[in-house]
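Okay, query_0.pdb is below, PDB, C-alpha atoms, pLDDT in the B column:
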```pdb
MODEL        1
ATOM      1  CA  MET A 243     -57.500-103.779  -0.598  1.00 39.00           C
ATOM      2  CA  GLN A 244     -60.917-103.470   0.964  1.00 37.00           C
ATOM      3  CA  MET A 245     -63.793-101.367  -0.286  1.00 38.00           C
ATOM      4  CA  ARG A 246     -66.441 -99.995   2.036  1.00 39.00           C
ATOM      5  CA  THR A 247     -70.002 -99.769   0.811  1.00 35.00           C
ATOM      6  CA  ALA A 248     -73.077 -98.045   2.147  1.00 36.00           C
ATOM      7  CA  LEU A 249     -76.326 -98.337   0.252  1.00 34.00           C
ATOM      8  CA  PHE A 250     -74.727 -99.534  -3.004  1.00 33.00           C
ATOM      9  CA  ALA A 251     -71.411 -97.729  -2.708  1.00 34.00           C
ATOM     10  CA  ALA A 252     -72.846 -94.755  -0.846  1.00 36.00           C
ATOM     11  CA  LEU A 253     -75.423 -94.031  -3.522  1.00 35.00           C
ATOM     12  CA  SER A 254     -77.299 -90.848  -2.624  1.00 38.00           C
ATOM     13  CA  LEU A 255     -80.407 -89.638  -4.411  1.00 37.00           C
ATOM     14  CA  ILE A 256     -81.373 -86.016  -3.880  1.00 35.00           C
ATOM     15  CA  VAL A 257     -84.586 -84.811  -5.528  1.00 35.00           C
ATOM     16  CA  SER A 258     -85.554 -81.166  -5.285  1.00 36.00           C
ATOM     17  CA  ALA A 259     -89.145 -80.064  -4.847  1.00 35.00           C
ATOM     18  CA  PRO A 260     -91.042 -79.582  -8.140  1.00 36.00           C
ATOM     19  CA  LYS A 261     -91.747 -75.903  -7.403  1.00 39.00           C
ATOM     20  CA  VAL A 262     -88.147 -74.715  -7.335  1.00 39.00           C
ATOM     21  CA  LYS A 263     -87.876 -71.504  -9.377  1.00 41.00           C
ATOM     22  CA  ALA A 264     -84.107 -71.129  -9.637  1.00 41.00           C
ATOM     23  CA  ASN A 265     -82.539 -71.634 -13.037  1.00 42.00           C
ATOM     24  CA  HIS A 266     -79.314 -73.483 -12.204  1.00 48.00           C
ATOM     25  CA  GLY A 267     -78.926 -77.186 -11.621  1.00 41.00           C
ATOM     26  CA  PRO A 268     -76.865 -79.135  -9.099  1.00 45.00           C
ATOM     27  CA  GLY A 269     -73.161 -78.556  -9.092  1.00 50.00           C
ATOM     28  CA  THR A 270     -73.372 -74.889 -10.136  1.00 49.00           C
ATOM     29  CA  SER A 271     -74.745 -72.109  -7.940  1.00 43.00           C
ATOM     30  CA  GLY A 272     -77.649 -74.116  -6.550  1.00 42.00           C
ATOM     31  CA  GLY A 273     -78.775 -77.684  -5.971  1.00 44.00           C
ATOM     32  CA  GLY A 274     -77.969 -80.227  -3.321  1.00 48.00           C
ATOM     33  CA  ASN A 275     -74.817 -80.999  -1.465  1.00 59.00           C
ATOM     34  CA  GLN A 276     -73.833 -83.629   1.089  1.00 75.00           C
ATOM     35  CA  THR A 277     -72.750 -83.259   4.692  1.00 87.00           C
ATOM     36  CA  ALA A 278     -69.097 -84.240   5.107  1.00 92.00           C
ATOM     37  CA  SER A 279     -67.954 -86.666   7.806  1.00 92.00           C
ATOM     38  CA  GLY A 280     -65.270 -85.994  10.384  1.00 94.00           C
ATOM     39  CA  GLU A 281     -64.046 -89.596  10.135  1.00 94.00           C
ATOM     40  CA  THR A 282     -61.198 -90.708   7.880  1.00 96.00           C
ATOM     41  CA  LEU A 283     -60.424 -93.986   6.164  1.00 95.00           C
ATOM     42  CA  LYS A 284     -57.921 -96.361   7.715  1.00 95.00           C
ATOM     43  CA  ALA A 285     -54.505 -96.413   6.068  1.00 97.00           C
ATOM     44  CA  GLY A 286     -54.557 -98.387   2.832  1.00 96.00           C
ATOM     45  CA  LYS A 287     -58.369 -98.571   2.548  1.00 95.00           C
ATOM     46  CA  PHE A 288     -60.528 -97.350  -0.349  1.00 94.00           C
ATOM     47  CA  ASP A 289     -63.993 -95.829  -0.552  1.00 94.00           C
ATOM     48  CA  LEU A 290     -65.901 -95.679  -3.850  1.00 94.00           C
ATOM     49  CA  SER A 291     -69.075 -93.575  -3.994  1.00 92.00           C
ATOM     50  CA  LEU A 292     -71.718 -93.021  -6.660  1.00 92.00           C
ATOM     51  CA  ARG A 293     -74.125 -90.103  -6.316  1.00 90.00           C
ATOM     52  CA  GLU A 294     -77.081 -88.862  -8.384  1.00 88.00           C
ATOM     53  CA  ASP A 295     -78.429 -85.310  -8.030  1.00 86.00           C
ATOM     54  CA  TYR A 296     -81.668 -84.460  -9.822  1.00 86.00           C
ATOM     55  CA  THR A 297     -83.429 -81.096  -9.818  1.00 85.00           C
ATOM     56  CA  ARG A 298     -86.713 -80.275 -11.566  1.00 87.00           C
ATOM     57  CA  PHE A 299     -87.963 -76.720 -12.033  1.00 86.00           C
ATOM     58  CA  ASP A 300     -91.237 -75.014 -12.956  1.00 86.00           C
ATOM     59  CA  HIS A 301     -91.938 -75.412 -16.664  1.00 87.00           C
ATOM     60  CA  ILE A 302     -91.531 -72.121 -18.509  1.00 89.00           C
ATOM     61  CA  GLY A 303     -91.748 -71.858 -22.304  1.00 90.00           C
ATOM     62  CA  GLN A 304     -89.844 -69.489 -24.568  1.00 90.00           C
ATOM     63  CA  ASP A 305     -92.759 -67.052 -24.881  1.00 90.00           C
ATOM     64  CA  GLU A 306     -93.084 -66.760 -21.096  1.00 92.00           C
ATOM     65  CA  ALA A 307     -89.309 -66.421 -20.708  1.00 90.00           C
ATOM     66  CA  GLU A 308     -89.272 -63.566 -23.229  1.00 90.00           C
ATOM     67  CA  ARG A 309     -92.182 -61.833 -21.473  1.00 91.00           C
ATOM     68  CA  ARG A 310     -90.300 -61.996 -18.173  1.00 90.00           C
ATOM     69  CA  ALA A 311     -87.126 -60.773 -19.865  1.00 90.00           C
ATOM     70  CA  SER A 312     -89.060 -57.764 -21.217  1.00 90.00           C
ATOM     71  CA  ARG A 313     -89.899 -56.800 -17.642  1.00 88.00           C
ATOM     72  CA  SER A 314     -86.490 -57.479 -16.062  1.00 87.00           C
ATOM     73  CA  GLY A 315     -83.990 -57.218 -18.926  1.00 88.00           C
ATOM     74  CA  GLY A 316     -83.024 -60.905 -18.823  1.00 88.00           C
ATOM     75  CA  PHE A 317     -84.378 -64.273 -17.727  1.00 90.00           C
ATOM     76  CA  ASP A 318     -83.113 -67.888 -17.712  1.00 89.00           C
ATOM     77  CA  ALA A 319     -85.107 -71.102 -17.312  1.00 89.00           C
ATOM     78  CA  LEU A 320     -84.285 -74.803 -17.100  1.00 89.00           C
ATOM     79  CA  GLU A 321     -86.698 -77.749 -17.184  1.00 91.00           C
ATOM     80  CA  TYR A 322     -84.539 -80.213 -15.226  1.00 90.00           C
ATOM     81  CA  ALA A 323     -80.894 -81.024 -14.504  1.00 90.00           C
ATOM     82  CA  SER A 324     -79.050 -84.124 -13.369  1.00 91.00           C
ATOM     83  CA  LEU A 325     -75.485 -84.633 -12.158  1.00 91.00           C
ATOM     84  CA  THR A 326     -74.069 -88.144 -11.826  1.00 93.00           C
ATOM     85  CA  SER A 327     -70.860 -88.122  -9.778  1.00 93.00           C
ATOM     86  CA  ILE A 328     -68.313 -90.768  -8.895  1.00 95.00           C
ATOM     87  CA  SER A 329     -65.670 -90.298  -6.206  1.00 95.00           C
ATOM     88  CA  LEU A 330     -62.738 -92.355  -4.948  1.00 97.00           C
ATOM     89  CA  SER A 331     -61.012 -91.834  -1.582  1.00 97.00           C
ATOM     90  CA  TYR A 332     -57.863 -93.456  -0.191  1.00 98.00           C
ATOM     91  CA  GLY A 333     -56.521 -93.567   3.362  1.00 97.00           C
ATOM     92  CA  ILE A 334     -52.896 -92.403   3.325  1.00 98.00           C
ATOM     93  CA  THR A 335     -52.662 -92.718   7.112  1.00 97.00           C
ATOM     94  CA  ASN A 336     -55.338 -93.361   9.734  1.00 96.00           C
ATOM     95  CA  ASP A 337     -55.845 -89.591  10.008  1.00 97.00           C
ATOM     96  CA  LEU A 338     -55.242 -88.426   6.433  1.00 98.00           C
ATOM     97  CA  GLN A 339     -57.131 -89.317   3.288  1.00 98.00           C
ATOM     98  CA  ALA A 340     -57.089 -88.051  -0.287  1.00 98.00           C
ATOM     99  CA  GLY A 341     -59.870 -88.166  -2.832  1.00 97.00           C
ATOM    100  CA  ALA A 342     -61.024 -87.274  -6.338  1.00 97.00           C
ATOM    101  CA  GLN A 343     -64.495 -86.648  -7.759  1.00 96.00           C
ATOM    102  CA  ILE A 344     -65.798 -86.105 -11.278  1.00 95.00           C
ATOM    103  CA  GLY A 345     -69.231 -86.332 -12.858  1.00 93.00           C
ATOM    104  CA  TYR A 346     -71.457 -85.988 -15.892  1.00 95.00           C
ATOM    105  CA  TYR A 347     -73.978 -83.139 -16.104  1.00 94.00           C
ATOM    106  CA  HIS A 348     -77.143 -83.004 -18.210  1.00 93.00           C
ATOM    107  CA  GLY A 349     -79.582 -80.106 -18.440  1.00 92.00           C
ATOM    108  CA  SER A 350     -82.811 -80.140 -20.427  1.00 92.00           C
ATOM    109  CA  ASN A 351     -84.451 -77.243 -22.262  1.00 92.00           C
ATOM    110  CA  PHE A 352     -82.299 -74.373 -21.015  1.00 93.00           C
ATOM    111  CA  ILE A 353     -83.728 -71.023 -22.159  1.00 92.00           C
ATOM    112  CA  ASP A 354     -81.828 -67.740 -22.100  1.00 92.00           C
ATOM    113  CA  ALA A 355     -83.956 -64.665 -22.857  1.00 92.00           C
ATOM    114  CA  GLU A 356     -82.698 -61.082 -23.090  1.00 91.00           C
ATOM    115  CA  SER A 357     -84.355 -57.752 -23.829  1.00 89.00           C
ATOM    116  CA  ASP A 358     -82.950 -54.526 -25.277  1.00 84.00           C
ATOM    117  CA  GLY A 359     -85.821 -52.534 -23.764  1.00 80.00           C
ATOM    118  CA  VAL A 360     -87.999 -52.889 -26.863  1.00 80.00           C
ATOM    119  CA  ASP A 361     -87.844 -56.492 -28.065  1.00 85.00           C
ATOM    120  CA  ALA A 362     -86.934 -59.736 -26.322  1.00 87.00           C
ATOM    121  CA  GLU A 363     -85.147 -62.668 -27.928  1.00 90.00           C
ATOM    122  CA  SER A 364     -84.228 -66.090 -26.604  1.00 90.00           C
ATOM    123  CA  GLY A 365     -82.057 -69.088 -27.348  1.00 92.00           C
ATOM    124  CA  THR A 366     -82.209 -72.688 -26.149  1.00 93.00           C
ATOM    125  CA  ALA A 367     -79.803 -75.554 -25.454  1.00 94.00           C
ATOM    126  CA  ASP A 368     -79.541 -78.928 -23.726  1.00 94.00           C
ATOM    127  CA  PRO A 369     -76.186 -78.523 -21.966  1.00 93.00           C
ATOM    128  CA  GLU A 370     -74.398 -81.756 -21.084  1.00 94.00           C
ATOM    129  CA  GLY A 371     -70.894 -83.044 -20.631  1.00 94.00           C
ATOM    130  CA  VAL A 372     -68.178 -84.052 -18.175  1.00 94.00           C
ATOM    131  CA  SER A 373     -67.938 -81.869 -15.062  1.00 93.00           C
ATOM    132  CA  ASP A 374     -64.830 -80.397 -13.450  1.00 94.00           C
ATOM    133  CA  LEU A 375     -62.500 -82.630 -11.423  1.00 95.00           C
ATOM    134  CA  TRP A 376     -62.244 -82.046  -7.656  1.00 96.00           C
ATOM    135  CA  LEU A 377     -59.119 -83.177  -5.773  1.00 97.00           C
ATOM    136  CA  THR A 378     -59.685 -83.259  -2.011  1.00 97.00           C
ATOM    137  CA  ALA A 379     -57.886 -83.954   1.244  1.00 98.00           C
ATOM    138  CA  LYS A 380     -59.173 -84.615   4.771  1.00 98.00           C
ATOM    139  CA  PHE A 381     -57.015 -84.459   7.901  1.00 98.00           C
ATOM    140  CA  ARG A 382     -58.436 -85.605  11.247  1.00 98.00           C
ATOM    141  CA  VAL A 383     -57.230 -83.338  14.050  1.00 97.00           C
ATOM    142  CA  LEU A 384     -59.317 -84.695  16.931  1.00 96.00           C
ATOM    143  CA  ARG A 385     -60.530 -88.156  17.890  1.00 94.00           C
ATOM    144  CA  GLY A 386     -62.030 -88.965  21.252  1.00 91.00           C
ATOM    145  CA  GLU A 387     -65.060 -89.037  23.515  1.00 89.00           C
ATOM    146  CA  TYR A 388     -66.665 -86.057  21.831  1.00 91.00           C
ATOM    147  CA  GLY A 389     -66.283 -87.376  18.308  1.00 94.00           C
ATOM    148  CA  ASN A 390     -64.025 -86.840  15.307  1.00 96.00           C
ATOM    149  CA  VAL A 391     -63.068 -83.446  13.910  1.00 98.00           C
ATOM    150  CA  ALA A 392     -61.381 -83.090  10.523  1.00 98.00           C
ATOM    151  CA  LEU A 393     -60.138 -80.233   8.358  1.00 98.00           C
ATOM    152  CA  LEU A 394     -61.116 -80.335   4.674  1.00 98.00           C
ATOM    153  CA  ALA A 395     -59.475 -78.840   1.614  1.00 98.00           C
ATOM    154  CA  GLY A 396     -59.961 -79.144  -2.125  1.00 97.00           C
ATOM    155  CA  VAL A 397     -59.031 -77.742  -5.511  1.00 97.00           C
ATOM    156  CA  LYS A 398     -61.143 -77.916  -8.669  1.00 95.00           C
ATOM    157  CA  LEU A 399     -59.436 -78.389 -12.020  1.00 95.00           C
ATOM    158  CA  PRO A 400     -61.188 -77.012 -15.145  1.00 94.00           C
ATOM    159  CA  THR A 401     -61.557 -80.387 -16.860  1.00 93.00           C
ATOM    160  CA  GLY A 402     -65.276 -79.992 -17.591  1.00 92.00           C
ATOM    161  CA  ARG A 403     -66.927 -78.887 -20.804  1.00 92.00           C
ATOM    162  CA  HIS A 404     -67.504 -75.122 -20.834  1.00 91.00           C
ATOM    163  CA  ASN A 405     -68.028 -74.204 -24.497  1.00 91.00           C
ATOM    164  CA  ILE A 406     -71.707 -75.053 -25.026  1.00 93.00           C
ATOM    165  CA  GLN A 407     -73.640 -72.560 -27.152  1.00 93.00           C
ATOM    166  CA  LEU A 408     -77.322 -71.718 -27.500  1.00 93.00           C
ATOM    167  CA  ASP A 409     -79.052 -72.374 -30.790  1.00 92.00           C
ATOM    168  CA  ASN A 410     -78.606 -68.664 -31.599  1.00 91.00           C
ATOM    169  CA  GLY A 411     -74.826 -68.998 -31.354  1.00 91.00           C
ATOM    170  CA  GLU A 412     -74.358 -67.310 -27.977  1.00 90.00           C
ATOM    171  CA  LEU A 413     -72.195 -68.959 -25.332  1.00 91.00           C
ATOM    172  CA  LEU A 414     -73.927 -70.133 -22.149  1.00 88.00           C
ATOM    173  CA  GLU A 415     -72.789 -68.419 -18.970  1.00 85.00           C
ATOM    174  CA  ALA A 416     -70.348 -70.396 -16.823  1.00 84.00           C
ATOM    175  CA  SER A 417     -72.893 -71.258 -14.114  1.00 83.00           C
ATOM    176  CA  SER A 418     -75.021 -73.093 -16.699  1.00 88.00           C
ATOM    177  CA  GLN A 419     -72.176 -75.123 -18.235  1.00 90.00           C
ATOM    178  CA  PRO A 420     -71.094 -78.609 -17.059  1.00 92.00           C
ATOM    179  CA  GLY A 421     -67.760 -76.977 -16.110  1.00 90.00           C
ATOM    180  CA  THR A 422     -66.919 -73.394 -15.182  1.00 88.00           C
ATOM    181  CA  GLY A 423     -63.509 -73.243 -16.859  1.00 91.00           C
ATOM    182  CA  SER A 424     -61.936 -71.888 -13.671  1.00 92.00           C
ATOM    183  CA  PHE A 425     -59.748 -73.149 -10.841  1.00 94.00           C
ATOM    184  CA  ASP A 426     -61.737 -73.128  -7.584  1.00 94.00           C
ATOM    185  CA  PHE A 427     -60.756 -73.869  -3.988  1.00 96.00           C
ATOM    186  CA  GLN A 428     -62.480 -75.265  -0.877  1.00 96.00           C
ATOM    187  CA  LEU A 429     -61.758 -75.048   2.835  1.00 97.00           C
ATOM    188  CA  GLY A 430     -63.880 -76.437   5.632  1.00 97.00           C
ATOM    189  CA  ALA A 431     -64.283 -78.582   8.714  1.00 98.00           C
ATOM    190  CA  ALA A 432     -66.403 -81.585   9.690  1.00 97.00           C
ATOM    191  CA  TRP A 433     -67.481 -83.299  12.922  1.00 97.00           C
ATOM    192  CA  SER A 434     -68.878 -86.800  13.465  1.00 96.00           C
ATOM    193  CA  ARG A 435     -69.919 -88.768  16.544  1.00 95.00           C
ATOM    194  CA  PHE A 436     -71.690 -92.030  17.416  1.00 91.00           C
ATOM    195  CA  LEU A 437     -74.812 -91.165  19.438  1.00 91.00           C
ATOM    196  CA  THR A 438     -75.699 -94.847  19.870  1.00 88.00           C
ATOM    197  CA  PRO A 439     -74.100 -98.026  18.447  1.00 85.00           C
ATOM    198  CA  ARG A 440     -76.291 -97.550  15.337  1.00 86.00           C
ATOM    199  CA  ILE A 441     -76.927 -93.791  15.131  1.00 90.00           C
ATOM    200  CA  THR A 442     -74.304 -91.252  14.092  1.00 91.00           C
ATOM    201  CA  ALA A 443     -74.441 -87.484  13.695  1.00 94.00           C
ATOM    202  CA  ASP A 444     -72.417 -85.397  11.251  1.00 95.00           C
ATOM    203  CA  ALA A 445     -71.976 -81.653  10.798  1.00 95.00           C
ATOM    204  CA  SER A 446     -69.826 -79.753   8.329  1.00 95.00           C
ATOM    205  CA  ALA A 447     -69.104 -76.287   6.977  1.00 95.00           C
ATOM    206  CA  MET A 448     -67.471 -75.768   3.579  1.00 94.00           C
ATOM    207  CA  TYR A 449     -66.559 -72.539   1.795  1.00 94.00           C
ATOM    208  CA  THR A 450     -65.924 -72.591  -1.965  1.00 92.00           C
ATOM    209  CA  LEU A 451     -63.806 -69.778  -3.408  1.00 94.00           C
ATOM    210  CA  ARG A 452     -64.373 -69.289  -7.136  1.00 91.00           C
ATOM    211  CA  THR A 453     -61.933 -67.669  -9.533  1.00 93.00           C
ATOM    212  CA  GLU A 454     -62.584 -65.757 -12.748  1.00 91.00           C
ATOM    213  CA  HIS A 455     -62.515 -67.230 -16.254  1.00 88.00           C
ATOM    214  CA  ASP A 456     -63.148 -65.293 -19.479  1.00 86.00           C
ATOM    215  CA  ASP A 457     -64.200 -62.183 -17.491  1.00 84.00           C
ATOM    216  CA  PHE A 458     -66.915 -64.155 -15.658  1.00 84.00           C
ATOM    217  CA  LYS A 459     -66.979 -65.458 -12.102  1.00 84.00           C
ATOM    218  CA  VAL A 460     -69.535 -67.796 -10.551  1.00 82.00           C
ATOM    219  CA  GLY A 461     -70.298 -66.608  -7.012  1.00 83.00           C
ATOM    220  CA  ASP A 462     -68.522 -68.005  -3.966  1.00 88.00           C
ATOM    221  CA  ARG A 463     -70.496 -70.563  -1.967  1.00 87.00           C
ATOM    222  CA  LEU A 464     -70.973 -71.541   1.688  1.00 89.00           C
ATOM    223  CA  ASP A 465     -72.498 -74.917   2.589  1.00 88.00           C
ATOM    224  CA  LEU A 466     -73.564 -75.776   6.138  1.00 91.00           C
ATOM    225  CA  GLY A 467     -74.788 -79.303   6.713  1.00 90.00           C
ATOM    226  CA  LEU A 468     -76.194 -81.374   9.559  1.00 92.00           C
ATOM    227  CA  ALA A 469     -77.066 -85.031   9.084  1.00 91.00           C
ATOM    228  CA  ALA A 470     -78.020 -88.177  10.982  1.00 90.00           C
ATOM    229  CA  ALA A 471     -77.468 -91.786   9.919  1.00 88.00           C
ATOM    230  CA  TYR A 472     -78.928 -95.066  11.172  1.00 87.00           C
ATOM    231  CA  ARG A 473     -77.030 -98.321  10.599  1.00 82.00           C
ATOM    232  CA  LEU A 474     -79.444-101.077   9.510  1.00 82.00           C
ATOM    233  CA  THR A 475     -76.927-103.856  10.137  1.00 75.00           C
ATOM    234  CA  GLU A 476     -76.043-104.674  13.741  1.00 70.00           C
ATOM    235  CA  SER A 477     -72.291-105.179  13.363  1.00 69.00           C
ATOM    236  CA  ILE A 478     -70.085-102.292  12.229  1.00 66.00           C
ATOM    237  CA  LYS A 479     -67.608-104.837  10.792  1.00 68.00           C
ATOM    238  CA  GLN A 480     -70.196-106.658   8.660  1.00 65.00           C
ATOM    239  CA  PHE A 481     -69.682-106.352   4.883  1.00 66.00           C
ATOM    240  CA  PRO A 482     -71.583-104.798   3.239  1.00 65.00           C
ATOM    241  CA  ASN A 483     -73.078-102.267   5.680  1.00 64.00           C
ATOM    242  CA  TYR A 484     -76.355-100.524   4.927  1.00 60.00           C
ATOM    243  CA  ILE A 485     -77.039 -97.051   6.291  1.00 63.00           C
ATOM    244  CA  GLN A 486     -80.119 -94.837   6.262  1.00 60.00           C
ATOM    245  CA  ARG A 487     -78.829 -91.255   6.051  1.00 62.00           C
ATOM    246  CA  GLN A 488     -80.839 -88.038   6.280  1.00 60.00           C
ATOM    247  CA  ASN A 489     -79.559 -84.522   5.692  1.00 60.00           C
ATOM    248  CA  VAL A 490     -81.638 -82.322   7.970  1.00 51.00           C
ATOM    249  CA  LEU A 491     -80.003 -78.962   7.297  1.00 49.00           C
ATOM    250  CA  LEU A 492     -78.415 -77.582   4.180  1.00 51.00           C
ATOM    251  CA  LEU A 493     -77.804 -73.893   3.553  1.00 49.00           C
ATOM    252  CA  PRO A 494     -76.083 -73.188   0.238  1.00 48.00           C
ATOM    253  CA  ARG A 495     -75.143 -69.561  -0.333  1.00 47.00           C
ATOM    254  CA  GLY A 496     -73.919 -68.369  -3.712  1.00 46.00           C
ATOM    255  CA  MET A 497     -74.351 -65.666  -6.318  1.00 40.00           C
ATOM    256  CA  PRO A 498     -74.548 -66.809  -9.962  1.00 39.00           C
TER     257      PRO A 498
ENDMDL
END
```
Output the file's structure in the form of structure tokens.
Amino acid sequence: MQMRTALFAALSLIVSAPKVKANHGPGTSGGGNQTASGETLKAGKFDLSLREDYTRFDHIGQDEAERRASRSGGFDALEYASLTSISLSYGITNDLQAGAQIGYYHGSNFIDAESDGVDAESGTADPEGVSDLWLTAKFRVLRGEYGNVALLAGVKLPTGRHNIQLDNGELLEASSQPGTGSFDFQLGAAWSRFLTPRITADASAMYTLRTEHDDFKVGDRLDLGLAAAYRLTESIKQFPNYIQRQNVLLLPRGMP
């Protein structure tokens, strides 16, 4: 058994700009995502990855949230959110690999404010808990001069916590919970190619189909990614390998 590593087991740190005004953290309807690779593991090999997503939002207090809810009927705010994920992949054949990913979500100072047209009230919570489990598969359909192309598929199992309540007793909406409580599905494709012996390019497109749970559905999502990576070590066979990776394009689309 051999384990590949890249920057401490492919540790990725994604920090959103401090002026983000959305109210949902990573792993729900917003936040960061990674560009998938068109390459697959060799048969019998493992890949273990650790990833940290952190998003910080504009600070909004309860009074301000209630004022905004009075104007719009409802308003949510979140101070910051973090999602720590661990994933394990295994090469079944040289062109087929399977994987699993799960994480732990923490949100700080979530505020939900609603108005009945006359008065506005709000509740707060610090939602945290285990996230849903993703089971994934990648099948490489093309390998040659123009790079590697793979088809991607995944299913999300509702293993995450989805019963967190505000301090006023109301249940948080699914997009603000660590887990959505629903079965979701993914389909996509990825391409990768060596541009030089040390520089690689990756591109991927992934569509996430959400299903309904308790009469609520988190919006479907489309992620388009383009990334470049630079290998700091000269030999591709050297262990461990260190890679500088930069996502240059990410377009999440979803409706909470």
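A straight line drawn from CA of Leu451 in chain A to CA of His404 in chain A is 18.6 Å long.
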Please put the answer as lines of an AutoDock Vina configuration file: centre and edge lengths, in Å with one decimal, of a box along x, y and z that encloses all listed atoms of range 367-375 of chain A plus 8 Å on each side.
```
center_x = -71.2
center_y = -79.8
center_z = -18.4
size_x = 33.3
size_y = 24.5
size_z = 30.0
```
TODO: Fewer than 2 positions away in the same chain doesn't count, so skip those; otherwise give me all residues within 10 Å of Asp305 in chain A, counting all atoms listed in the file, as a list in words.
DONE: Ile302, Gly303, Ala307, Glu308, Arg309, Arg310, Ala311, Ala355, Ala362, Glu363 and Ser364 of chain A
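Interatomic distance, CA of Gly411 in chain A to CA of Pro369 in chain A: 13.4 Å.
Closest approach to Tyr388 in chain A among A:Thr422, A:Thr450, A:Ser434, A:Asn405: A:Ser434, based on all atoms listed in the file.
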Task: Contact residues around Gly386 in chain A with only C-alpha atoms at 12 Å, ignoring same-chain residues under 2 positions, as an NGL selection string - done: :A and (280-281 or 382-384 or 388-391 or 433-436)
Open item on the list: Since I can't run it myself right now, could you work out what the PyMOL selection byres ((chain A and resi 427) around 8) selects here and report it as a ChimeraX atom specification?
Closed with: /A:395-398,425-426,428-429,450-452
Since we have the selection now, will you write its residues out, keeping C-alpha atoms, as an mmCIF file, keeping the file's coordinate frame?
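Written output follows (selection.cif):
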```cif
data_model
loop_
_atom_site.group_PDB
_atom_site.id
_atom_site.type_symbol
_atom_site.label_atom_id
_atom_site.label_comp_id
_atom_site.auth_asym_id
_atom_site.auth_seq_id
_atom_site.Cartn_x
_atom_site.Cartn_y
_atom_site.Cartn_z
ATOM 1 C CA ALA A 395 -59.475 -78.840 1.614
ATOM 2 C CA GLY A 396 -59.961 -79.144 -2.125
ATOM 3 C CA VAL A 397 -59.031 -77.742 -5.511
ATOM 4 C CA LYS A 398 -61.143 -77.916 -8.669
ATOM 5 C CA PHE A 425 -59.748 -73.149 -10.841
ATOM 6 C CA ASP A 426 -61.737 -73.128 -7.584
ATOM 7 C CA GLN A 428 -62.480 -75.265 -0.877
ATOM 8 C CA LEU A 429 -61.758 -75.048 2.835
ATOM 9 C CA THR A 450 -65.924 -72.591 -1.965
ATOM 10 C CA LEU A 451 -63.806 -69.778 -3.408
ATOM 11 C CA ARG A 452 -64.373 -69.289 -7.136
#
```
Open item on the list: Once the PyMOL selection byres ((chain A and resi 414) around 9) has been evaluated on this model, what residues remain selected, and can you format them as a PyMOL selection string?
Closed with: chain A and resi 354+367+369+404-408+412-413+415-419
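When only C-alpha atoms are used to measure the gap to Ala470 in chain A, the shortest distance among A:Ala278, A:Tyr449, A:Gln339, A:Tyr296 belongs to A:Ala278.
The space separating CA of Ser324 in chain A from CA of Asn351 in chain A comes to 12.5 Å.
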